[in-house]
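Q: Next comes the structure file protein32.csv, holding CSV, C-alpha atoms.
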```csv
chain,number,residue,atom,x,y,z
A,1,MET,CA,-7.3,6.4,-10.7
A,2,ALA,CA,-10.9,5.2,-11.2
A,3,ILE,CA,-11.8,1.7,-10.4
A,4,GLY,CA,-12.7,0.7,-13.9
A,5,LYS,CA,-9.5,2.2,-15.4
A,6,GLY,CA,-7.3,0.7,-12.7
A,7,MET,CA,-8.5,-2.8,-13.4
A,8,LYS,CA,-9.2,-2.6,-17.2
A,9,TRP,CA,-6.5,-5.2,-17.8
A,10,LEU,CA,-8.7,-7.9,-16.4
A,11,GLY,CA,-10.8,-8.0,-19.5
A,12,ALA,CA,-7.8,-8.8,-21.8
A,13,ALA,CA,-5.7,-10.7,-19.3
A,14,LEU,CA,-6.7,-14.1,-20.3
A,15,LEU,CA,-5.8,-13.4,-23.9
A,16,GLY,CA,-2.1,-13.1,-22.9
A,17,ALA,CA,-2.1,-16.0,-20.4
A,18,ALA,CA,-0.7,-18.5,-22.9
A,19,GLY,CA,2.3,-16.3,-23.5
A,20,VAL,CA,3.5,-16.4,-20.0
A,21,LEU,CA,5.3,-19.7,-19.4
A,22,ALA,CA,5.8,-21.5,-16.1
A,23,SER,CA,9.5,-21.4,-16.9
A,24,GLY,CA,9.1,-17.7,-16.9
A,25,PHE,CA,9.4,-15.4,-19.8
A,26,VAL,CA,7.7,-13.1,-22.3
A,27,VAL,CA,10.0,-12.1,-25.2
A,28,SER,CA,9.7,-8.7,-26.7
A,29,ALA,CA,10.8,-7.7,-30.2
A,30,GLN,CA,12.0,-4.4,-28.8
A,31,ALA,CA,15.5,-4.0,-27.4
A,32,GLN,CA,14.2,-2.3,-24.2
A,33,VAL,CA,11.7,-3.9,-21.9
A,34,VAL,CA,10.6,-3.7,-18.3
A,35,THR,CA,12.1,-6.9,-16.7
A,36,VAL,CA,10.3,-8.4,-13.7
A,37,GLY,CA,12.0,-11.1,-11.6
A,38,ILE,CA,9.3,-13.3,-9.9
A,39,ASP,CA,10.3,-15.6,-7.1
A,40,LEU,CA,7.5,-18.0,-6.0
A,41,SER,CA,7.2,-21.1,-3.8
A,42,THR,CA,5.6,-23.4,-6.4
A,43,THR,CA,7.0,-26.5,-4.7
A,44,GLY,CA,7.6,-27.4,-1.0
A,45,PRO,CA,5.4,-26.7,2.0
A,46,ALA,CA,4.1,-23.4,0.7
A,47,ALA,CA,3.3,-24.7,-2.8
A,48,ALA,CA,-0.4,-24.2,-2.5
A,49,ILE,CA,0.3,-20.5,-2.0
A,50,GLY,CA,2.9,-20.2,-4.7
A,51,LEU,CA,1.0,-22.1,-7.4
A,52,SER,CA,-2.1,-19.8,-6.9
A,53,SER,CA,0.2,-16.8,-7.2
A,54,GLN,CA,1.7,-18.2,-10.4
A,55,LYS,CA,-1.7,-18.8,-11.9
A,56,ALA,CA,-2.7,-15.2,-11.4
A,57,ILE,CA,0.6,-14.0,-12.8
A,58,GLN,CA,-0.1,-16.1,-15.9
A,59,MET,CA,-3.1,-13.8,-16.5
A,60,TRP,CA,-0.9,-10.6,-16.5
A,61,PRO,CA,-0.8,-8.7,-19.8
A,62,ARG,CA,2.5,-8.5,-21.7
A,63,LYS,CA,2.7,-4.7,-21.2
A,64,LEU,CA,3.7,-2.6,-18.2
A,65,GLY,CA,3.1,1.2,-18.5
A,66,GLY,CA,3.0,0.9,-22.2
A,67,TRP,CA,6.3,-0.9,-22.4
A,68,ASP,CA,6.8,-4.6,-23.4
A,69,ALA,CA,7.3,-6.7,-20.3
A,70,LYS,CA,9.6,-9.7,-19.7
A,71,TYR,CA,8.7,-11.9,-16.8
A,72,VAL,CA,11.3,-14.3,-15.3
A,73,ILE,CA,9.7,-16.8,-12.9
A,74,LEU,CA,11.8,-19.0,-10.6
A,75,ASP,CA,10.7,-21.5,-7.9
A,76,ASP,CA,12.4,-21.3,-4.5
A,77,ALA,CA,10.8,-24.6,-3.3
A,78,SER,CA,9.6,-22.7,-0.1
A,79,ASP,CA,13.2,-22.4,1.0
A,80,PRO,CA,14.8,-19.1,2.1
A,81,GLY,CA,18.2,-20.1,0.9
A,82,ASN,CA,16.9,-20.8,-2.6
A,83,ALA,CA,15.0,-17.5,-2.5
A,84,VAL,CA,18.3,-15.7,-1.8
A,85,ARG,CA,20.0,-17.5,-4.8
A,86,ASN,CA,17.0,-16.6,-7.1
A,87,ILE,CA,17.0,-13.0,-6.1
A,88,LYS,CA,20.8,-12.7,-6.5
A,89,ARG,CA,20.4,-14.2,-10.0
A,90,PHE,CA,17.7,-11.6,-10.8
A,91,LEU,CA,19.9,-8.8,-9.7
A,92,SER,CA,23.2,-10.0,-11.2
A,93,GLU,CA,22.2,-11.9,-14.4
A,94,ASP,CA,18.7,-10.8,-15.4
A,95,LYS,CA,19.2,-7.1,-14.4
A,96,VAL,CA,15.6,-6.9,-13.4
A,97,ASP,CA,13.8,-3.6,-12.9
A,98,VAL,CA,11.6,-4.9,-10.1
A,99,ILE,CA,11.2,-8.2,-8.1
A,100,VAL,CA,7.8,-9.8,-7.2
A,101,GLY,CA,7.7,-12.3,-4.3
A,102,PRO,CA,8.7,-14.2,-2.3
A,103,ASN,CA,5.6,-16.0,-0.9
A,104,VAL,CA,7.2,-16.9,2.4
A,105,THR,CA,8.0,-14.4,5.2
A,106,ALA,CA,11.3,-16.0,6.1
A,107,ALA,CA,12.4,-15.8,2.5
A,108,ALA,CA,11.4,-12.2,2.1
A,109,LEU,CA,13.3,-11.2,5.3
A,110,ALA,CA,16.4,-13.1,4.0
A,111,VAL,CA,16.6,-11.0,0.8
A,112,LEU,CA,16.0,-7.6,2.2
A,113,ASP,CA,19.7,-6.6,2.2
A,114,PRO,CA,20.7,-7.8,-1.3
A,115,VAL,CA,17.6,-6.1,-2.8
A,116,ALA,CA,18.4,-2.8,-1.0
A,117,THR,CA,22.1,-2.9,-1.9
A,118,ALA,CA,21.2,-3.3,-5.6
A,119,GLY,CA,18.6,-0.5,-5.4
A,120,THR,CA,15.9,-2.6,-6.8
A,121,PRO,CA,12.3,-2.4,-5.6
A,122,MET,CA,10.6,-5.6,-4.4
A,123,ILE,CA,6.8,-6.2,-4.1
A,124,THR,CA,6.4,-9.2,-1.8
A,125,LEU,CA,3.4,-11.6,-1.5
A,126,VAL,CA,3.7,-12.4,2.2
A,127,GLY,CA,1.4,-11.6,5.1
A,128,SER,CA,3.8,-10.5,7.8
A,129,GLY,CA,4.3,-6.7,8.2
A,130,SER,CA,7.8,-7.4,9.4
A,131,VAL,CA,9.1,-7.1,5.8
A,132,VAL,CA,8.0,-3.5,5.5
A,133,GLU,CA,8.0,-2.2,9.1
A,134,PRO,CA,9.6,0.0,10.2
A,135,GLN,CA,10.1,1.9,6.9
A,136,GLN,CA,13.8,2.5,7.3
A,137,GLY,CA,17.1,0.9,6.0
A,138,SER,CA,16.7,-1.9,3.6
A,139,ARG,CA,12.9,-2.0,4.1
A,140,THR,CA,12.5,1.2,2.2
A,141,TRP,CA,12.9,-0.8,-1.1
A,142,VAL,CA,10.2,-3.3,-0.2
A,143,PHE,CA,6.4,-3.2,-0.7
A,144,LYS,CA,3.8,-5.7,0.2
A,145,MET,CA,0.5,-6.8,-1.3
A,146,ALA,CA,-1.2,-8.7,1.5
A,147,GLN,CA,-3.0,-7.0,4.3
A,148,ASN,CA,-0.8,-6.7,7.4
A,149,ASP,CA,-1.1,-9.3,10.2
A,150,SER,CA,-1.9,-6.4,12.5
A,151,ALA,CA,-5.1,-5.5,10.6
A,152,MET,CA,-6.2,-9.1,10.4
A,153,ALA,CA,-5.6,-9.5,14.2
A,154,ASP,CA,-7.6,-6.4,14.7
A,155,VAL,CA,-10.7,-7.6,12.8
A,156,MET,CA,-10.3,-11.1,14.4
A,157,THR,CA,-10.1,-10.0,18.0
A,158,ARG,CA,-13.0,-7.6,17.5
A,159,TYR,CA,-15.1,-10.5,16.3
A,160,MET,CA,-13.9,-12.6,19.2
A,161,SER,CA,-14.8,-9.9,21.7
A,162,ASN,CA,-18.3,-9.4,20.1
A,163,HIS,CA,-18.9,-13.2,20.5
A,164,GLY,CA,-17.9,-13.6,24.1
A,165,VAL,CA,-14.3,-15.0,23.8
A,166,LYS,CA,-12.3,-14.2,26.9
A,167,THR,CA,-9.5,-16.7,26.7
A,168,VAL,CA,-7.5,-18.1,23.7
A,169,GLY,CA,-5.0,-20.9,23.1
A,170,PHE,CA,-2.4,-20.2,20.4
A,171,ILE,CA,-0.7,-22.7,18.2
A,172,GLY,CA,1.5,-21.1,15.5
A,173,PHE,CA,4.3,-21.8,13.0
A,174,ALA,CA,7.8,-21.7,14.6
A,175,ASP,CA,9.0,-19.1,12.1
A,176,GLY,CA,8.5,-15.5,11.1
A,177,TYR,CA,4.9,-16.0,10.2
A,178,GLY,CA,4.1,-17.4,13.7
A,179,ASP,CA,6.2,-14.8,15.4
A,180,SER,CA,4.4,-11.9,13.7
A,181,TRP,CA,1.0,-13.4,14.4
A,182,LEU,CA,1.8,-14.0,18.1
A,183,LYS,CA,3.0,-10.4,18.4
A,184,GLU,CA,0.1,-8.8,16.7
A,185,PHE,CA,-2.6,-11.0,18.1
A,186,SER,CA,-1.2,-10.5,21.6
A,187,LYS,CA,-1.4,-6.7,21.1
A,188,PHE,CA,-5.0,-6.6,20.0
A,189,ALA,CA,-6.1,-9.3,22.4
A,190,ASP,CA,-4.7,-7.2,25.3
A,191,ILE,CA,-6.7,-4.2,24.0
A,192,ARG,CA,-9.9,-6.3,24.0
A,193,LYS,CA,-9.2,-8.0,27.3
A,194,ILE,CA,-8.7,-11.4,25.8
A,195,ARG,CA,-6.2,-13.5,27.7
A,196,ILE,CA,-3.8,-16.0,25.9
A,197,VAL,CA,-3.7,-19.1,28.2
A,198,ASP,CA,-0.9,-20.9,26.3
A,199,ALA,CA,1.2,-20.3,23.2
A,200,GLU,CA,2.6,-23.3,21.4
A,201,ARG,CA,4.7,-23.6,18.2
A,202,TYR,CA,5.2,-26.1,15.4
A,203,ASN,CA,7.2,-26.5,12.2
A,204,ARG,CA,5.6,-26.4,8.7
A,205,THR,CA,7.0,-29.9,8.1
A,206,ASP,CA,5.9,-31.5,11.4
A,207,THR,CA,3.7,-34.6,11.2
A,208,THR,CA,2.3,-34.4,14.7
A,209,VAL,CA,1.3,-31.7,17.1
A,210,THR,CA,-0.2,-33.8,19.8
A,211,GLY,CA,1.9,-32.4,22.6
A,212,GLN,CA,1.1,-28.8,21.6
A,213,VAL,CA,-2.6,-29.5,21.3
A,214,LEU,CA,-2.8,-31.2,24.7
A,215,LYS,CA,-1.0,-28.3,26.4
A,216,VAL,CA,-3.3,-25.8,24.8
A,217,MET,CA,-6.5,-27.7,25.8
A,218,ALA,CA,-5.2,-28.0,29.3
A,219,GLY,CA,-5.8,-24.3,29.7
A,220,HIS,CA,-9.5,-24.7,28.8
A,221,PRO,CA,-9.5,-21.8,26.4
A,222,ASP,CA,-12.8,-20.3,25.0
A,223,ALA,CA,-11.3,-20.5,21.5
A,224,VAL,CA,-8.1,-21.6,19.8
A,225,LEU,CA,-6.1,-19.7,17.2
A,226,ILE,CA,-3.9,-21.6,14.7
A,227,ALA,CA,-1.4,-19.2,13.2
A,228,GLY,CA,-0.4,-21.2,10.1
A,229,ALA,CA,-0.7,-20.9,6.3
A,230,GLY,CA,-1.6,-23.3,3.5
A,231,THR,CA,-2.1,-27.0,4.1
A,232,PRO,CA,0.3,-27.3,7.1
A,233,ALA,CA,-2.4,-25.3,9.0
A,234,VAL,CA,-4.8,-28.3,8.9
A,235,LEU,CA,-2.7,-30.5,11.2
A,236,PRO,CA,-3.4,-28.7,14.6
A,237,GLU,CA,-7.1,-28.3,13.7
A,238,ARG,CA,-7.5,-32.0,12.9
A,239,GLU,CA,-5.8,-32.9,16.2
A,240,LEU,CA,-8.1,-30.6,18.1
A,241,LYS,CA,-11.1,-32.2,16.6
A,242,GLU,CA,-9.8,-35.7,17.3
A,243,ARG,CA,-9.2,-34.7,20.9
A,244,ARG,CA,-12.8,-33.5,21.0
A,245,TYR,CA,-12.1,-29.8,21.5
A,246,THR,CA,-15.6,-28.1,21.1
A,247,GLY,CA,-14.8,-24.4,21.2
A,248,PRO,CA,-14.5,-22.2,18.1
A,249,ILE,CA,-11.3,-22.6,16.1
A,250,TYR,CA,-9.8,-19.5,14.4
A,251,GLN,CA,-7.2,-19.6,11.6
A,252,THR,CA,-5.4,-16.8,9.9
A,253,HIS,CA,-5.8,-15.4,6.4
A,254,GLY,CA,-3.1,-17.8,5.3
A,255,ILE,CA,-5.5,-20.8,5.0
A,256,ALA,CA,-7.6,-19.5,2.1
A,257,THR,CA,-6.8,-22.1,-0.6
A,258,PRO,CA,-8.8,-24.9,-2.1
A,259,GLU,CA,-6.1,-27.3,-1.0
A,260,PHE,CA,-6.7,-26.4,2.6
A,261,LEU,CA,-10.4,-27.2,2.2
A,262,LYS,CA,-9.7,-30.4,0.3
A,263,LEU,CA,-7.2,-31.7,2.9
A,264,GLY,CA,-9.1,-30.5,5.9
A,265,GLY,CA,-12.5,-31.8,4.8
A,266,LYS,CA,-15.0,-32.0,7.7
A,267,ASP,CA,-12.3,-31.3,10.2
A,268,VAL,CA,-12.1,-27.6,9.2
A,269,GLU,CA,-15.9,-27.1,8.8
A,270,GLY,CA,-16.9,-24.0,10.9
A,271,THR,CA,-13.4,-22.5,11.0
A,272,LEU,CA,-13.4,-18.7,11.5
A,273,PHE,CA,-10.8,-16.6,9.9
A,274,PRO,CA,-9.9,-13.0,8.8
A,275,THR,CA,-9.5,-12.6,5.0
A,276,GLN,CA,-9.4,-10.2,2.1
A,277,PRO,CA,-12.3,-9.5,-0.3
A,278,VAL,CA,-11.3,-11.9,-3.1
A,279,VAL,CA,-11.8,-15.1,-1.0
A,280,VAL,CA,-15.4,-14.3,-0.2
A,281,ALA,CA,-16.2,-12.0,-3.1
A,282,GLY,CA,-19.4,-13.8,-4.0
A,283,THR,CA,-20.9,-13.4,-0.5
A,284,LEU,CA,-19.7,-9.8,0.2
A,285,PRO,CA,-22.5,-7.2,0.8
A,286,ALA,CA,-23.5,-5.4,-2.3
A,287,ASP,CA,-22.2,-2.1,-1.0
A,288,HIS,CA,-18.7,-3.3,-0.2
A,289,PRO,CA,-16.3,-0.9,-2.1
A,290,VAL,CA,-14.2,-3.8,-3.4
A,291,LYS,CA,-16.9,-6.2,-4.4
A,292,LYS,CA,-17.1,-5.2,-8.1
A,293,VAL,CA,-13.4,-5.5,-8.8
A,294,ALA,CA,-12.9,-8.6,-6.6
A,295,SER,CA,-15.9,-10.4,-8.3
A,296,THR,CA,-14.6,-9.5,-11.8
A,297,PHE,CA,-11.2,-11.0,-11.0
A,298,VAL,CA,-12.7,-14.1,-9.4
A,299,ASN,CA,-15.0,-14.7,-12.4
A,300,GLN,CA,-12.1,-14.5,-14.8
A,301,TYR,CA,-9.7,-16.5,-12.7
A,302,GLU,CA,-12.3,-19.3,-12.2
A,303,THR,CA,-13.1,-19.3,-15.9
A,304,SER,CA,-9.5,-20.2,-16.5
A,305,TYR,CA,-8.8,-22.4,-13.6
A,306,GLY,CA,-12.1,-23.9,-12.4
A,307,ALA,CA,-14.9,-23.2,-10.0
A,308,ASP,CA,-13.9,-22.3,-6.4
A,309,SER,CA,-10.2,-22.2,-7.3
A,310,VAL,CA,-9.5,-18.6,-6.4
A,311,THR,CA,-7.3,-17.8,-3.3
A,312,GLN,CA,-6.3,-14.7,-1.4
A,313,PHE,CA,-2.8,-15.3,-2.8
A,314,ALA,CA,-4.1,-15.2,-6.3
A,315,GLY,CA,-5.8,-11.9,-5.5
A,316,ASP,CA,-2.6,-10.5,-4.1
A,317,ALA,CA,-0.6,-11.5,-7.2
A,318,ALA,CA,-3.3,-10.1,-9.5
A,319,GLY,CA,-3.1,-6.8,-7.7
A,320,VAL,CA,0.6,-6.4,-8.4
A,321,TRP,CA,0.0,-5.8,-12.1
A,322,PRO,CA,-2.1,-2.6,-11.9
A,323,ILE,CA,0.1,-1.2,-9.2
A,324,LEU,CA,3.2,-1.8,-11.4
A,325,ASN,CA,1.5,-0.6,-14.5
A,326,ASN,CA,0.7,2.7,-12.9
A,327,ALA,CA,4.2,3.2,-11.4
A,328,VAL,CA,6.1,2.1,-14.5
A,329,GLN,CA,4.1,4.5,-16.6
A,330,ARG,CA,5.1,7.4,-14.4
A,331,ALA,CA,8.7,6.3,-13.8
A,332,ALA,CA,9.3,5.9,-17.5
A,333,LYS,CA,8.5,9.5,-18.0
A,334,ILE,CA,11.5,10.3,-15.8
A,335,THR,CA,14.1,7.9,-17.2
A,336,THR,CA,14.5,4.7,-19.2
A,337,PRO,CA,13.8,1.2,-17.9
A,338,GLY,CA,16.8,-1.0,-17.5
A,339,THR,CA,18.8,1.5,-15.5
A,340,GLY,CA,19.6,2.2,-11.9
A,341,ALA,CA,17.9,5.5,-12.2
A,342,PHE,CA,14.7,3.9,-13.4
A,343,ARG,CA,14.7,1.4,-10.5
A,344,ALA,CA,15.0,4.3,-8.1
A,345,ALA,CA,12.3,6.2,-9.9
A,346,LEU,CA,10.0,3.2,-9.8
A,347,ARG,CA,10.5,2.8,-6.1
A,348,ASN,CA,9.5,6.4,-5.6
A,349,GLU,CA,6.4,6.0,-7.9
A,350,LEU,CA,5.2,2.9,-6.2
A,351,GLU,CA,5.1,5.0,-3.0
A,352,GLN,CA,2.7,7.4,-4.9
A,353,THR,CA,0.0,4.8,-5.5
A,354,HIS,CA,-3.3,6.4,-4.5
A,355,ASP,CA,-6.9,5.3,-4.6
A,356,LEU,CA,-6.2,2.3,-6.7
A,357,THR,CA,-8.7,-0.5,-6.3
A,358,VAL,CA,-7.2,-4.0,-6.7
A,359,PRO,CA,-8.9,-7.4,-6.1
A,360,ASN,CA,-8.0,-7.4,-2.4
A,361,GLY,CA,-8.5,-3.8,-1.4
A,362,ILE,CA,-8.0,-0.1,-2.1
A,363,VAL,CA,-4.3,0.9,-2.1
A,364,ASN,CA,-3.0,4.2,-0.8
A,365,MET,CA,0.7,4.0,-0.2
A,366,SER,CA,3.1,6.6,1.2
A,367,ALA,CA,6.7,7.0,2.3
A,368,HIS,CA,5.6,5.6,5.7
A,369,ASP,CA,3.2,2.9,4.4
A,370,HIS,CA,4.4,0.4,1.8
A,371,VAL,CA,1.2,-1.7,2.0
A,372,GLY,CA,-1.5,1.0,1.7
A,373,LEU,CA,-4.5,-1.1,2.7
A,374,ASP,CA,-7.1,0.0,5.3
A,375,GLN,CA,-9.9,-2.0,6.9
A,376,ARG,CA,-11.8,-2.2,3.7
A,377,ALA,CA,-9.3,-5.0,2.9
A,378,SER,CA,-10.1,-7.0,6.1
A,379,VAL,CA,-13.3,-9.0,6.6
A,380,MET,CA,-14.2,-12.1,8.6
A,381,GLY,CA,-14.9,-15.4,6.9
A,382,GLU,CA,-16.2,-18.8,7.8
A,383,ILE,CA,-15.8,-22.3,6.2
A,384,LYS,CA,-19.4,-23.4,5.6
A,385,ASP,CA,-20.4,-26.4,3.6
A,386,GLY,CA,-16.9,-26.7,2.3
A,387,LYS,CA,-16.7,-23.1,1.0
A,388,PHE,CA,-15.2,-19.8,2.2
A,389,VAL,CA,-18.1,-17.4,2.9
A,390,TYR,CA,-18.4,-13.8,4.3
A,391,LEU,CA,-19.2,-13.6,7.9
A,392,SER,CA,-20.9,-10.4,9.2
A,393,ASN,CA,-19.8,-9.0,12.5
```
Will you turn the file into structure tokens for me?

A:
Amino acid sequence: MAIGKGMKWLGAALLGAAGVLASGFVVSAQAQVVTVGIDLSTTGPAAAIGLSSQKAIQMWPRKLGGWDAKYVILDDASDPGNAVRNIKRFLSEDKVDVIVGPNVTAAALAVLDPVATAGTPMITLVGSGSVVEPQQGSRTWVFKMAQNDSAMADVMTRYMSNHGVKTVGFIGFADGYGDSWLKEFSKFADIRKIRIVDAERYNRTDTTVTGQVLKVMAGHPDAVLIAGAGTPAVLPERELKERRYTGPIYQTHGIATPEFLKLGGKDVEGTLFPTQPVVVAGTLPADHPVKKVASTFVNQYETSYGADSVTQFAGDAAGVWPILNNAVQRAAKITTPGTGAFRAALRNELEQTHDLTVPNGIVNMSAHDHVGLDQRASVMGEIKDGKFVYLSN
């Protein structure tokens, strides 16, 4: 599908925004609709991520593949247990055709089995590739919008190597997100002869990381990588600055929110991080293949929500609609929405998404790849003068 056609919804999206309520529904006059269950973390530690996802979803049109759409949005409060309850409600009460979310890796992993047992496809908004890899068992029902941690670790370690980094100290979340990043970063660091001198972990709700920071600094690393997401990722960086660590500090793509910049202030100035095109759309090179679509979305999002308000997570959520729109259109030619056969057909058609440009990349899925993003969806960024900007290699 051509770029313009794949993203033509953007021009009309704001017109339908008022009809998508935070409590979560669009009511159709027709008896048959495509029902989408949306689980987001709009409160709790991951709220900055979930709220930006919700804002993008509020821009979705009220149609999917030519059918009226019903969106049911629930908050899991950043808690995997709540996410499981929400997903079970979607499956048993709302009889959804597809699930979008969760925002948090641990929550997505917790709902793999009930989603697969119900035969309902799920498009997650998490970063970790662990929810879709390997493509077997319950994971065959799951898709993912964000670029894999492996691709982000690849572009990050390449940049480190090009800039003389030989040793790195690691401080990451003590959960699935941190696990995935330590695994993937270690793999690419080894390829590029970068040694991890120490690996420390912390919880999203911790209020101090002094011990972890002191241990990492004791190894005298050339650089430090903080594997966190949202505002909890500020804590280790602030502690490093207070302890007068002077080396470069890297973060992951999970930091790209206005809330991170606001909370971090001068402490996060100069941070280096991998990201997807939406976050740095305005400073991307003119010939970047995603710049036009990413910039169009950013302009419309910020018209609605304010300057410098866009996030990678908003871009991920925005990309769900064109992917679903394409797949629903094809699946509905096979069977009727609202049935088990339709859900199975929709899963199969999601796998057939090819050459579709969305705000955060160009999607080419397959039976073996339920993300479908290549390196055109991975760039390096820097925090400069309180903004996220593109950083050339």

Q: Hey, what's within 7 Å of stretch 372-386 of chain A if we count only C-alpha atoms and toss same-chain stuff fewer than 5 positions away? As an mmCIF file with C-alpha atoms, in the frame of the given file, please?

A:
```cif
data_model
loop_
_atom_site.group_PDB
_atom_site.id
_atom_site.type_symbol
_atom_site.label_atom_id
_atom_site.label_comp_id
_atom_site.auth_asym_id
_atom_site.auth_seq_id
_atom_site.Cartn_x
_atom_site.Cartn_y
_atom_site.Cartn_z
ATOM 1 C CA GLN A 147 -3.000 -7.000 4.300
ATOM 2 C CA ALA A 151 -5.100 -5.500 10.600
ATOM 3 C CA MET A 152 -6.200 -9.100 10.400
ATOM 4 C CA VAL A 155 -10.700 -7.600 12.800
ATOM 5 C CA LEU A 261 -10.400 -27.200 2.200
ATOM 6 C CA GLU A 269 -15.900 -27.100 8.800
ATOM 7 C CA GLY A 270 -16.900 -24.000 10.900
ATOM 8 C CA THR A 271 -13.400 -22.500 11.000
ATOM 9 C CA LEU A 272 -13.400 -18.700 11.500
ATOM 10 C CA PHE A 273 -10.800 -16.600 9.900
ATOM 11 C CA PRO A 274 -9.900 -13.000 8.800
ATOM 12 C CA THR A 275 -9.500 -12.600 5.000
ATOM 13 C CA GLN A 276 -9.400 -10.200 2.100
ATOM 14 C CA PRO A 277 -12.300 -9.500 -0.300
ATOM 15 C CA ASN A 360 -8.000 -7.400 -2.400
ATOM 16 C CA GLY A 361 -8.500 -3.800 -1.400
ATOM 17 C CA ILE A 362 -8.000 -0.100 -2.100
ATOM 18 C CA VAL A 363 -4.300 0.900 -2.100
ATOM 19 C CA ASN A 364 -3.000 4.200 -0.800
ATOM 20 C CA MET A 365 0.700 4.000 -0.200
ATOM 21 C CA LEU A 391 -19.200 -13.600 7.900
ATOM 22 C CA SER A 392 -20.900 -10.400 9.200
#
```

Q: Suppose you want the space between atom CA of A:Arg85 and atom CA of A:Pro121; what is it in Å?

A: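 Interatomic distance here is 17.0 Å.
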
Q: Just how far from atom CA of A:Ala294 is atom CA of A:Ala281, in Å to one decimal?

A: 5.9 Å

Q: Pick the closest to A:Ala233 from A:Tyr202, A:Tyr305, A:Tyr159, A:Phe188: which is it, counting only C-alpha atoms?

A: A:Tyr202

Q: To one decimal place, how far is atom CA of A:Lys187 from atom CA of A:Ala367 in Å?

A: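 Separating atom CA of A:Lys187 from atom CA of A:Ala367 is a distance of 24.6 Å.
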
Q: Show me as JSON, numbers by chain the residues that reach within 10 Å of (15.2, -9.5, -1.9), counting all atoms listed in the file and using the file's own coordinates.

A: {"A": [39, 83, 84, 85, 86, 87, 88, 90, 91, 99, 100, 101, 102, 107, 108, 109, 110, 111, 112, 113, 114, 115, 116, 117, 118, 120, 121, 122, 123, 124, 138, 139, 141, 142]}

Q: Do you know which residues are at most 10 Å from A:Leu324 counting only C-alpha atoms, after dropping those on the same chain fewer than 2 positions away, and could you put them as number ranges by chain?

A: A: 36, 64-65, 98, 123, 319-322, 326-330, 346, 349-350, 353

Q: Show which residues sit within 10 Å of A:Pro134, as a VMD selection string. Count only C-alpha atoms, and ignore same-chain residues fewer than 6 positions away.

A: chain A and resid 140 368 to 370

Q: Nearest to A:Asp222 among A:Lys183, A:Lys262, A:Arg238, A:His163, with distances taken over all atoms listed in the file: which residue is it?

A: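 Looking at the shortest contact to A:Asp222, the residue is A:His163.
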
Q: How close does stretch 46-106 of chain A get to stretch 332-338 of chain A? List, as JSON lines, each residue of stretch 46-106 of chain A within 8 Å, its nearest atom pair and the distance in Å to one decimal, counting all atoms listed in the file.

A:
```
{"residue": "A:Gly65", "atom": "CA", "partner": "A:Ala332", "partner_atom": "CA", "distance": 7.8}
{"residue": "A:Lys95", "atom": "CA", "partner": "A:Gly338", "partner_atom": "CA", "distance": 7.3}
{"residue": "A:Val96", "atom": "CA", "partner": "A:Gly338", "partner_atom": "CA", "distance": 7.3}
{"residue": "A:Asp97", "atom": "CA", "partner": "A:Gly338", "partner_atom": "CA", "distance": 6.1}
```

Q: Please write as a PyMOL selection string the list of polymer residues whose atoms come within 7 Å of (-0.5, -8.1, 11.5), counting all atoms listed in the file and keeping to the coordinates of the file.

A: chain A and resi 128-129+148-153+180-181+184

Q: Measuring atom to atom with only C-alpha atoms, identify which of A:Phe185, A:Phe297, A:Phe388, A:Phe260 is nearest to A:Met160.

A: A:Phe185

Q: May I have the residues within 12 Å of A:Leu263 as an MDAnalysis selection string, using all atoms listed in the file and disregarding those fewer than 2 positions away in the same chain?

A: chainID A and resid 48 230:235 237:238 255 257:261 265:269 386

Q: Return the single residue from A:Arg244, A:Lys292, A:Lys166, A:Arg158 that is closest to A:Leu214, with distances computed using only C-alpha atoms.

A: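 Of the candidates, the smallest distance to A:Leu214 is held by A:Arg244.
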
Q: From the options A:Ala47, A:Val104, A:Ile194, A:Ala331, which residue's atoms come nearest to A:Ala344, counting all atoms listed in the file?

A: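 Nearest to A:Ala344: A:Ala331.
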
Q: Using all atoms listed in the file, which residues sit within 9 Å of A:Lys63 once same-chain residues fewer than 4 positions away are excluded, as JSON, numbers by chain?

A: {"A": [34, 67, 68, 69, 70, 325]}

Q: Could those selected residues go to a file with C-alpha atoms, as a compact mmCIF listing (two decimals), in the coordinates of the input?

A:
```txt
# COMPACT_ATOMS: atom_id res chain seq x y z
CA VAL A 34 10.60 -3.70 -18.30
CA TRP A 67 6.30 -0.90 -22.40
CA ASP A 68 6.80 -4.60 -23.40
CA ALA A 69 7.30 -6.70 -20.30
CA LYS A 70 9.60 -9.70 -19.70
CA ASN A 325 1.50 -0.60 -14.50
```
